[in-house]
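Next comes entry-v1.txt, a file with compact mmCIF, C-alpha atoms.
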```
# COMPACT_ATOMS: atom_id res chain seq x y z
CA MET A 503 -25.82 -21.40 12.17
CA ALA A 504 -24.25 -18.35 13.77
CA ALA A 505 -25.27 -14.98 12.40
CA THR A 506 -22.59 -12.97 10.62
CA LEU A 507 -22.26 -9.53 9.09
CA LYS A 508 -21.04 -11.03 5.81
CA ASP A 509 -22.13 -8.77 2.92
CA ALA A 510 -25.22 -7.65 4.87
CA THR A 511 -24.25 -3.99 4.51
CA ALA A 512 -22.34 -1.81 2.08
CA ILE A 513 -20.47 1.48 1.94
CA VAL A 514 -22.37 3.62 -0.53
CA GLY A 515 -20.91 7.08 -0.02
CA ILE A 516 -17.49 8.57 0.70
CA GLY A 517 -16.41 12.16 1.24
CA GLN A 518 -13.37 14.14 2.23
CA THR A 519 -12.09 17.66 2.61
CA ALA A 520 -8.81 18.94 1.27
CA PHE A 521 -5.69 17.75 3.13
CA ALA A 522 -3.07 20.27 4.20
CA LYS A 523 -0.60 21.18 6.93
CA HIS A 524 -3.00 23.94 7.92
CA LEU A 525 -6.68 24.45 7.06
CA PRO A 526 -8.54 27.51 8.40
CA ALA A 527 -11.80 25.68 9.21
CA GLY A 528 -12.33 24.08 12.62
CA GLU A 529 -12.73 20.34 13.18
CA LYS A 530 -16.52 20.51 13.41
CA GLU A 531 -16.81 22.34 10.09
CA LEU A 532 -14.40 19.93 8.42
CA ALA A 533 -16.34 16.96 9.80
CA CYS A 534 -19.65 18.28 8.50
CA ARG A 535 -18.18 19.03 5.08
CA ALA A 536 -16.86 15.48 4.75
CA ILE A 537 -20.13 13.93 5.99
CA LEU A 538 -22.29 16.01 3.67
CA ALA A 539 -19.99 15.14 0.76
CA ALA A 540 -20.33 11.43 1.58
CA LEU A 541 -24.13 11.68 1.78
CA ASP A 542 -24.25 13.54 -1.52
CA ASP A 543 -22.01 10.85 -3.03
CA ALA A 544 -24.55 8.25 -1.88
CA GLY A 545 -27.60 10.29 -2.92
CA ILE A 546 -29.03 10.16 0.62
CA SER A 547 -30.56 13.09 2.50
CA PRO A 548 -28.95 14.09 5.82
CA ALA A 549 -32.41 13.84 7.36
CA GLU A 550 -32.26 10.06 6.88
CA VAL A 551 -29.11 9.58 8.96
CA ASP A 552 -29.91 7.72 12.17
CA ALA A 553 -26.53 6.31 13.21
CA PHE A 554 -23.07 7.71 13.89
CA ALA A 555 -19.71 6.14 14.68
CA SER A 556 -16.41 7.88 15.33
CA TYR A 557 -13.29 7.74 17.49
CA THR A 558 -13.01 8.47 21.21
CA MET A 559 -10.25 10.90 20.21
CA GLU A 560 -12.67 12.77 17.92
CA GLU A 561 -13.20 16.31 19.22
CA THR A 562 -16.51 16.73 17.35
CA ASP A 563 -19.37 14.74 18.88
CA GLU A 564 -22.47 13.23 17.32
CA VAL A 565 -24.79 15.75 19.03
CA GLU A 566 -23.15 18.70 17.30
CA VAL A 567 -22.76 16.88 14.01
CA ALA A 568 -26.38 15.70 13.96
CA LYS A 569 -27.65 19.23 14.53
CA ALA A 570 -25.31 20.80 12.02
CA ILE A 571 -26.07 18.45 9.12
CA GLY A 572 -29.81 18.25 9.83
CA ALA A 573 -30.05 14.58 10.83
CA GLY A 574 -33.32 13.14 12.04
CA ASP A 575 -33.83 11.04 15.16
CA VAL A 576 -30.63 9.09 15.89
CA THR A 577 -31.04 5.53 17.20
CA PHE A 578 -27.41 4.36 17.31
CA PHE A 579 -24.11 6.05 18.14
CA SER A 580 -20.72 4.75 19.22
CA LYS A 581 -17.09 5.76 19.63
CA VAL A 582 -14.05 3.51 19.29
CA GLY A 583 -10.87 3.92 21.27
CA TYR A 584 -7.11 3.72 20.66
CA GLY A 585 -6.64 6.35 17.99
CA GLY A 586 -5.83 4.81 14.63
CA GLY A 587 -6.77 1.37 15.93
CA GLY A 588 -10.42 2.40 15.77
CA SER A 589 -10.70 3.34 12.10
CA CYS A 590 -12.13 0.14 10.64
CA ALA A 591 -14.15 -0.55 13.79
CA THR A 592 -16.28 2.54 13.15
CA VAL A 593 -17.48 0.91 9.93
CA GLY A 594 -17.90 -2.40 11.75
CA HIS A 595 -20.09 -0.84 14.43
CA LEU A 596 -22.32 0.77 11.82
CA ALA A 597 -22.52 -2.49 9.87
CA ALA A 598 -23.66 -4.31 13.02
CA ALA A 599 -26.23 -1.62 13.80
CA VAL A 600 -27.70 -1.60 10.30
CA ALA A 601 -27.65 -5.39 9.92
CA THR A 602 -29.54 -5.85 13.19
CA GLY A 603 -32.14 -3.17 12.53
CA GLN A 604 -30.88 -0.65 15.07
CA ALA A 605 -30.45 1.93 12.32
CA SER A 606 -30.82 2.32 8.57
CA VAL A 607 -28.30 4.98 7.46
CA GLY A 608 -25.00 5.18 9.30
CA VAL A 609 -22.21 7.71 9.03
CA ALA A 610 -18.63 7.20 10.24
CA TRP A 611 -16.12 10.02 10.21
CA ARG A 612 -12.80 11.37 11.43
CA SER A 613 -11.92 15.06 11.55
CA ARG A 614 -8.48 16.18 12.66
CA LYS A 615 -6.33 19.28 12.89
CA ARG A 616 -3.11 17.54 13.78
CA GLY A 617 -1.08 19.46 11.20
CA SER A 618 -1.79 22.80 12.85
CA GLY A 619 -2.74 21.58 16.31
CA PRO A 620 -0.79 20.58 19.45
CA ARG A 621 0.96 17.26 20.07
CA PRO A 622 -0.78 15.31 22.86
CA TRP A 623 2.49 14.20 24.51
CA ARG A 624 3.38 17.85 25.20
CA ASN A 625 0.73 18.00 27.93
CA THR A 626 2.89 17.43 31.00
CA THR A 627 0.10 18.21 33.47
CA ALA A 628 -2.06 15.22 32.57
CA GLN A 629 -1.82 12.04 34.64
CA LEU A 630 -0.02 9.43 32.55
CA PRO A 631 -1.98 6.29 31.70
CA THR A 632 -0.44 3.07 32.98
CA PRO A 633 1.54 2.24 29.80
CA GLY A 634 2.95 5.77 29.74
CA GLN A 635 4.26 5.42 33.28
CA TRP A 636 6.53 2.62 32.01
CA THR A 637 7.82 4.49 28.96
CA ARG A 638 7.84 8.28 29.14
CA PRO A 639 10.05 8.63 32.23
CA PHE A 640 12.66 6.65 30.28
CA GLY A 641 12.60 8.77 27.14
CA LEU A 642 9.95 7.07 25.00
CA LEU A 643 7.88 10.23 24.70
CA ARG A 644 6.22 9.84 21.32
CA PRO A 645 4.67 7.00 19.32
CA ALA A 646 7.72 7.23 17.02
CA ASP A 647 9.99 6.37 19.96
CA GLU A 648 7.93 3.33 20.91
CA ILE A 649 7.67 2.01 17.34
CA GLY A 650 11.36 2.76 16.86
CA MET A 651 12.13 0.34 19.68
CA LEU A 652 9.90 -2.36 18.18
CA ALA A 653 11.50 -1.78 14.79
CA ARG A 654 14.98 -2.23 16.23
CA ARG A 655 13.95 -5.53 17.79
CA TYR A 656 12.38 -6.66 14.51
CA MET A 657 15.59 -5.82 12.65
CA HIS A 658 17.68 -7.68 15.21
CA GLU A 659 15.54 -10.82 15.23
CA TYR A 660 14.73 -11.16 11.53
CA GLY A 661 17.39 -9.26 9.61
CA ALA A 662 15.15 -6.50 8.34
CA THR A 663 17.05 -3.47 7.05
CA ARG A 664 16.38 0.16 6.26
CA ASP A 665 16.11 -0.85 2.62
CA HIS A 666 12.99 -2.81 3.52
CA LEU A 667 11.49 0.19 5.30
CA PHE A 668 12.37 2.30 2.27
CA ASN A 669 10.39 -0.12 0.08
CA VAL A 670 7.30 0.71 2.13
CA ALA A 671 7.89 4.46 2.07
CA LEU A 672 8.57 4.41 -1.66
CA ALA A 673 5.44 2.44 -2.57
CA CYS A 674 3.27 4.88 -0.63
CA ARG A 675 5.04 7.90 -2.13
CA ASN A 676 4.75 6.53 -5.67
CA ARG A 677 0.99 6.19 -5.27
CA ALA A 678 0.71 9.67 -3.75
CA ASN A 679 2.56 11.02 -6.78
CA GLN A 680 -0.45 9.84 -8.81
CA ASN A 681 -3.06 11.32 -6.47
CA PRO A 682 -3.80 15.06 -6.83
CA ALA A 683 -5.45 15.11 -3.38
CA ALA A 684 -2.30 13.81 -1.65
CA ILE A 685 -0.04 16.15 0.27
CA MET A 686 2.95 14.49 -1.44
CA TYR A 687 1.48 14.72 -4.96
CA GLU A 688 4.25 15.29 -7.51
CA ARG A 689 6.93 15.12 -4.80
CA PRO A 690 9.03 12.04 -5.61
CA LEU A 691 11.10 10.15 -3.05
CA THR A 692 14.51 8.67 -3.87
CA ARG A 693 16.64 6.18 -1.99
CA GLU A 694 19.29 8.85 -1.43
CA MET A 695 16.72 11.22 0.06
CA TYR A 696 15.54 8.46 2.37
CA MET A 697 18.96 7.27 3.48
CA THR A 698 20.25 10.77 4.24
CA ALA A 699 17.10 12.08 5.94
CA ARG A 700 17.27 13.24 9.55
CA TRP A 701 16.48 10.80 12.31
CA ILE A 702 13.18 11.10 14.15
CA SER A 703 13.74 8.15 16.48
CA GLU A 704 16.48 5.83 15.27
CA PRO A 705 16.10 3.59 13.27
CA LEU A 706 13.15 5.66 12.00
CA CYS A 707 14.02 8.62 9.79
CA LEU A 708 11.77 11.43 8.58
CA PHE A 709 10.26 9.33 5.78
CA ASP A 710 9.38 6.44 8.11
CA ASN A 711 6.85 8.69 9.85
CA CYS A 712 3.35 9.66 8.76
CA LEU A 713 2.34 13.18 7.83
CA GLU A 714 0.81 15.62 10.29
CA THR A 715 -2.40 16.66 8.59
CA ASP A 716 -5.52 18.81 8.84
CA GLY A 717 -8.54 17.25 7.16
CA ALA A 718 -11.64 15.10 7.49
CA LEU A 719 -13.19 12.04 5.85
CA ALA A 720 -16.48 10.18 6.11
CA CYS A 721 -18.39 7.22 4.72
CA VAL A 722 -22.02 6.10 4.61
CA VAL A 723 -23.18 2.55 5.45
CA VAL A 724 -26.61 1.11 4.55
CA SER A 725 -28.12 -2.35 4.10
CA ALA A 726 -27.13 -4.41 1.08
CA ALA A 727 -30.71 -4.21 -0.17
CA ARG A 728 -30.79 -0.42 -0.07
CA ALA A 729 -27.28 -0.16 -1.49
CA ARG A 730 -28.48 -1.39 -4.86
CA ASP A 731 -30.51 1.81 -5.28
CA CYS A 732 -27.73 4.25 -4.42
CA ARG A 733 -25.65 6.26 -6.88
CA HIS A 734 -22.56 4.07 -7.01
CA LYS A 735 -21.78 0.39 -7.20
CA PRO A 736 -22.02 -0.96 -3.63
CA VAL A 737 -18.85 -1.91 -1.79
CA TYR A 738 -19.89 -4.66 0.59
CA VAL A 739 -18.59 -5.02 4.14
CA HIS A 740 -17.66 -8.70 3.91
CA SER A 741 -15.95 -9.27 7.27
CA VAL A 742 -15.13 -7.18 10.33
CA ALA A 743 -12.83 -7.77 13.29
CA GLN A 744 -11.31 -6.03 16.28
CA GLY A 745 -8.24 -7.29 18.11
CA LEU A 746 -6.90 -6.87 21.65
CA PRO A 747 -4.40 -9.64 22.54
CA ALA A 748 -4.01 -11.06 26.02
CA GLN A 749 -1.68 -8.99 28.22
CA HIS A 750 -1.30 -6.33 25.54
CA HIS A 751 0.52 -3.20 26.71
CA GLY A 752 0.32 -0.63 23.93
CA MET A 753 2.91 -0.04 21.26
CA VAL A 754 5.88 -1.24 23.29
CA ASN A 755 3.99 -4.43 24.26
CA TYR A 756 6.29 -5.02 27.25
CA TRP A 757 4.21 -7.55 29.12
CA THR A 758 3.82 -10.24 26.48
CA ASP A 759 6.15 -13.13 25.74
CA ASP A 760 6.46 -11.90 22.17
CA PRO A 761 6.25 -8.12 21.62
CA LEU A 762 6.27 -8.57 17.84
CA SER A 763 2.99 -10.53 17.85
CA GLY A 764 0.72 -7.51 17.98
CA PRO A 765 -3.03 -6.98 17.74
CA ALA A 766 -3.05 -7.74 13.99
CA TRP A 767 -2.66 -11.44 14.76
CA THR A 768 -5.72 -11.44 17.02
CA ALA A 769 -7.87 -9.42 14.61
CA ALA A 770 -6.79 -11.52 11.63
CA ARG A 771 -7.90 -14.82 13.13
CA HIS A 772 -11.45 -13.56 13.52
CA LEU A 773 -11.46 -11.64 10.23
CA TRP A 774 -10.54 -14.64 8.08
CA LYS A 775 -12.74 -17.02 10.06
CA GLN A 776 -15.77 -14.97 9.02
CA ALA A 777 -14.72 -14.57 5.37
CA ASP A 778 -15.28 -16.57 2.19
CA PHE A 779 -11.75 -15.91 0.97
CA GLY A 780 -8.23 -15.68 2.37
CA PRO A 781 -5.09 -13.56 2.09
CA ALA A 782 -4.13 -15.07 -1.28
CA ASP A 783 -7.41 -13.76 -2.72
CA VAL A 784 -6.90 -10.10 -1.71
CA ASP A 785 -6.43 -7.93 -4.81
CA VAL A 786 -5.34 -4.74 -3.05
CA ALA A 787 -4.65 -3.75 0.56
CA GLN A 788 -4.78 -0.53 2.54
CA ILE A 789 -2.49 -1.24 5.50
CA TYR A 790 -2.17 1.23 8.34
CA ASP A 791 1.12 3.07 7.91
CA ALA A 792 1.64 5.60 10.66
CA PHE A 793 5.21 4.21 10.60
CA THR A 794 6.86 2.06 7.94
CA PRO A 795 7.64 -0.91 10.27
CA LEU A 796 3.93 -1.41 10.88
CA VAL A 797 3.52 -2.64 7.31
CA PRO A 798 5.80 -5.73 7.48
CA LEU A 799 4.41 -6.51 10.93
CA SER A 800 0.88 -6.34 9.51
CA LEU A 801 1.77 -8.40 6.43
CA GLU A 802 2.76 -11.17 8.82
CA GLY A 803 -0.16 -10.72 11.19
CA TYR A 804 -2.76 -10.84 8.43
CA GLY A 805 -1.22 -13.93 6.84
CA PHE A 806 0.36 -12.65 3.64
CA CYS A 807 3.67 -14.22 4.63
CA GLY A 808 5.23 -16.20 7.45
CA ARG A 809 6.61 -14.98 10.75
CA GLY A 810 9.70 -12.84 10.17
CA GLU A 811 9.11 -12.69 6.41
CA GLY A 812 7.34 -9.33 6.24
CA ALA A 813 10.47 -7.36 5.41
CA ALA A 814 11.50 -9.69 2.59
CA PHE A 815 7.93 -9.59 1.26
CA THR A 816 8.46 -5.92 0.34
CA GLU A 817 11.30 -6.73 -2.08
CA GLY A 818 11.08 -6.71 -5.87
CA GLY A 819 8.29 -4.16 -6.14
CA ALA A 820 5.82 -6.40 -4.30
CA LEU A 821 3.91 -3.42 -2.88
CA GLU A 822 3.68 -1.51 -6.15
CA ILE A 823 0.91 -1.68 -8.76
CA GLY A 824 1.45 -4.99 -10.53
CA GLY A 825 3.24 -6.47 -7.52
CA ARG A 826 2.22 -9.30 -5.20
CA LEU A 827 0.10 -7.00 -3.03
CA PRO A 828 -0.40 -3.39 -4.17
CA LEU A 829 -1.03 -1.31 -1.09
CA ASN A 830 -1.96 2.15 0.11
CA THR A 831 -2.88 3.18 -3.39
CA GLY A 832 -3.85 6.74 -2.43
CA GLY A 833 -0.51 7.28 -0.67
CA GLY A 834 -1.57 6.22 2.83
CA GLY A 835 -0.70 8.01 6.03
CA LEU A 836 2.90 8.31 4.92
CA SER A 837 2.25 10.31 1.76
CA GLU A 838 -1.44 11.16 1.21
CA ALA A 839 -2.59 12.35 4.63
CA TYR A 840 -2.64 11.09 8.19
CA VAL A 841 -6.18 11.25 9.53
CA HIS A 842 -5.98 8.22 11.82
CA GLY A 843 -6.30 5.85 8.89
CA PHE A 844 -9.71 6.86 7.61
CA ASN A 845 -8.32 7.64 4.16
CA LEU A 846 -7.41 3.95 3.87
CA ILE A 847 -11.12 3.10 4.14
CA THR A 848 -12.18 5.60 1.48
CA GLU A 849 -9.33 4.51 -0.80
CA GLY A 850 -10.47 0.90 -0.45
CA VAL A 851 -13.91 1.96 -1.63
CA LYS A 852 -12.43 3.84 -4.58
CA GLN A 853 -10.46 0.77 -5.64
CA LEU A 854 -13.52 -1.47 -5.66
CA ARG A 855 -15.51 1.17 -7.54
CA GLY A 856 -12.71 1.32 -10.11
CA ALA A 857 -12.17 5.00 -9.34
CA SER A 858 -8.73 5.18 -7.71
CA THR A 859 -6.02 7.44 -9.06
CA ALA A 860 -3.77 4.34 -8.97
CA GLN A 861 -6.31 1.72 -9.96
CA VAL A 862 -5.49 -1.98 -9.57
CA PRO A 863 -7.02 -3.67 -12.65
CA ASP A 864 -10.21 -5.61 -11.87
CA ALA A 865 -9.84 -5.18 -8.11
CA ALA A 866 -12.71 -7.02 -6.41
CA THR A 867 -11.42 -7.58 -2.86
CA CYS A 868 -9.65 -5.22 -0.46
CA LEU A 869 -8.27 -5.55 3.04
CA VAL A 870 -8.25 -2.39 5.15
CA THR A 871 -6.43 -2.42 8.49
CA ALA A 872 -6.30 -0.06 11.43
CA GLY A 873 -3.31 0.75 13.62
CA GLU A 874 -0.99 -2.11 14.46
CA GLY A 875 0.64 -1.78 17.89
CA VAL A 876 -2.57 -0.67 19.58
CA PRO A 877 -5.93 -2.44 20.02
CA THR A 878 -6.92 -2.61 16.38
CA SER A 879 -9.57 -3.42 13.79
CA ALA A 880 -9.85 -4.49 10.17
CA ILE A 881 -12.43 -4.89 7.43
CA LEU A 882 -12.60 -6.92 4.26
CA LEU A 883 -14.39 -5.12 1.44
CA ARG A 884 -15.86 -6.85 -1.60
CA ALA A 885 -17.13 -5.42 -4.88
```

Structure rendered as structure tokens:
Amino acid sequence: MAATLKDATAIVGIGQTAFAKHLPAGEKELACRAILAALDDAGISPAEVDAFASYTMEETDEVEVAKAIGAGDVTFFSKVGYGGGGSCATVGHLAAAVATGQASVGVAWRSRKRGSGPRPWRNTTAQLPTPGQWTRPFGLLRPADEIGMLARRYMHEYGATRDHLFNVALACRNRANQNPAAIMYERPLTREMYMTARWISEPLCLFDNCLETDGALACVVVSAARARDCRHKPVYVHSVAQGLPAQHHGMVNYWTDDPLSGPAWTAARHLWKQADFGPADVDVAQIYDAFTPLVPLSLEGYGFCGRGEGAAFTEGGALEIGGRLPLNTGGGGLSEAYVHGFNLITEGVKQLRGASTAQVPDAATCLVTAGEGVPTSAILLRA
């Protein structure tokens, strides 16, 4: 029988800094604060940490973090590429390391000063990567421009409307209104506000785009056996997957026969194959929401509805608490904070601990996804 990671490890600690448009601390300090908070949450000494996982886009490396927090000898470290596509994979890499004996206490983190820092596409001196050579000379300068083009195609092919995108934005904002840590706490969103907002990249308006945020988050992964002795109820890593489809070409996905079949479809096949339950058994989901159209595309890719049905799935309060699939219960990237999706991981843990500010009653299973449109990853968490 093939070995799997199923429930072999658990997330036992989570930590975060404040989220804001501007925080005075640097990325290294924010990272260390979040990591130390996560270790304290788990009741584990920094000296026991022997594994790290983060993003290739992370400016703070494991050498500096290990020294600053007082880690011991480190026996595993990795970085995952493709920005928000790497969020869940950081947990997956730690789970694999711990389950196979390469390490015993793993820390994953993301620290970002995007709210007060520069935009990467403004660097006109850097050599464009291959996908960028096919897009930026023709005006697709930002991720919003690329996703805007995919969204327009999705609307054309399947009849999705701005009302469907509003359903996504509203669900995330409603949950953020319940979350004191969210940037959009107590800042309601109405349909009129949405429909009259300025365009960012048509058909995407201001509220279809994630926040630009300073902040950091972290989590701690240990073996299932050790997890039973930690401070909180373990949240088990039930299944893990990464996804890079054949002939994938970044967010515009030019070179495939079907640009709307993104990396979610590839990741989902492996994720569910390794799991003991399916989409119908997911109590709550944290779906990557850098842009509202990514949610219906992900709902389809991960099997919650059929092809072309993701927009209609959002109708009738389906994404709200009490709906078919409550999602992004901390507010997500659209309304809590955008830290490359790591807050979706920590919110998933809160839900299965029963500690969310927008708690889904008796939540026992949670899907967390990373960025759709880029090489991605996903995890299934189980209480």

Residue nearest A:Ala553 among A:Ser580, A:Gln749, A:Thr816, A:Ser613 (counting all atoms listed in the file):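 Of A:Ser580, A:Gln749, A:Thr816, A:Ser613, the one nearest A:Ala553, counting all atoms listed in the file, is A:Ser580.
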
How close does each residue of stretch 548-568 of chain A get to stretch 719-742 of chain A, giving the shortest atom pair and distance in Å to one decimal for every residue with an atom at most 12 Å away, counting only C-alpha atoms, sorted by chain and residue number, as a Markdown table?
```
| residue | atom | partner | partner_atom | distance |
| --- | --- | --- | --- | --- |
| A:Pro548 | CA | A:Val722 | CA | 10.6 |
| A:Glu550 | CA | A:Val724 | CA | 10.8 |
| A:Val551 | CA | A:Val722 | CA | 9.0 |
| A:Asp552 | CA | A:Val724 | CA | 10.6 |
| A:Ala553 | CA | A:Val723 | CA | 9.3 |
| A:Phe554 | CA | A:Val722 | CA | 9.5 |
| A:Ala555 | CA | A:Ala720 | CA | 10.0 |
| A:Ser556 | CA | A:Ala720 | CA | 9.5 |
```

Could you please take those selected residues and save C-alpha atoms as a PDB file, in the frame of the given file?
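This is the output file out_26.pdb:
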```pdb
ATOM      1  CA  PRO A 548     -28.950  14.090   5.820  1.00  0.00           C
ATOM      2  CA  GLU A 550     -32.260  10.060   6.880  1.00  0.00           C
ATOM      3  CA  VAL A 551     -29.110   9.580   8.960  1.00  0.00           C
ATOM      4  CA  ASP A 552     -29.910   7.720  12.170  1.00  0.00           C
ATOM      5  CA  ALA A 553     -26.530   6.310  13.210  1.00  0.00           C
ATOM      6  CA  PHE A 554     -23.070   7.710  13.890  1.00  0.00           C
ATOM      7  CA  ALA A 555     -19.710   6.140  14.680  1.00  0.00           C
ATOM      8  CA  SER A 556     -16.410   7.880  15.330  1.00  0.00           C
TER       9      SER A 556
END
```

Please, what distance in Å, to one decimal, runs between atom CA of A:Pro877 and atom CA of A:Arg677?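 Atom-to-atom, atom CA of A:Pro877 and atom CA of A:Arg677 are spaced 27.6 Å apart.
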
Residues at most 12 Å from A:Ala673, counting only C-alpha atoms, excluding those fewer than 5 positions away in the same chain, as an NGL selection string? :A and (666-668 or 678-680 or 690-693 or 709 or 788-789 or 791 or 794 or 797 or 816-825 or 827-838 or 860)

Nearest residue to A:Arg535 out of A:Ala718, A:Val609, A:Ala591, A:Ile516, using all atoms listed in the file? A:Ala718

Could you tell me how far atom CA of A:Thr848 lies from atom CA of A:Gly745, in Å and to one decimal?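 If I compute the distance from atom CA of A:Thr848 to atom CA of A:Gly745, I get 21.4 Å.
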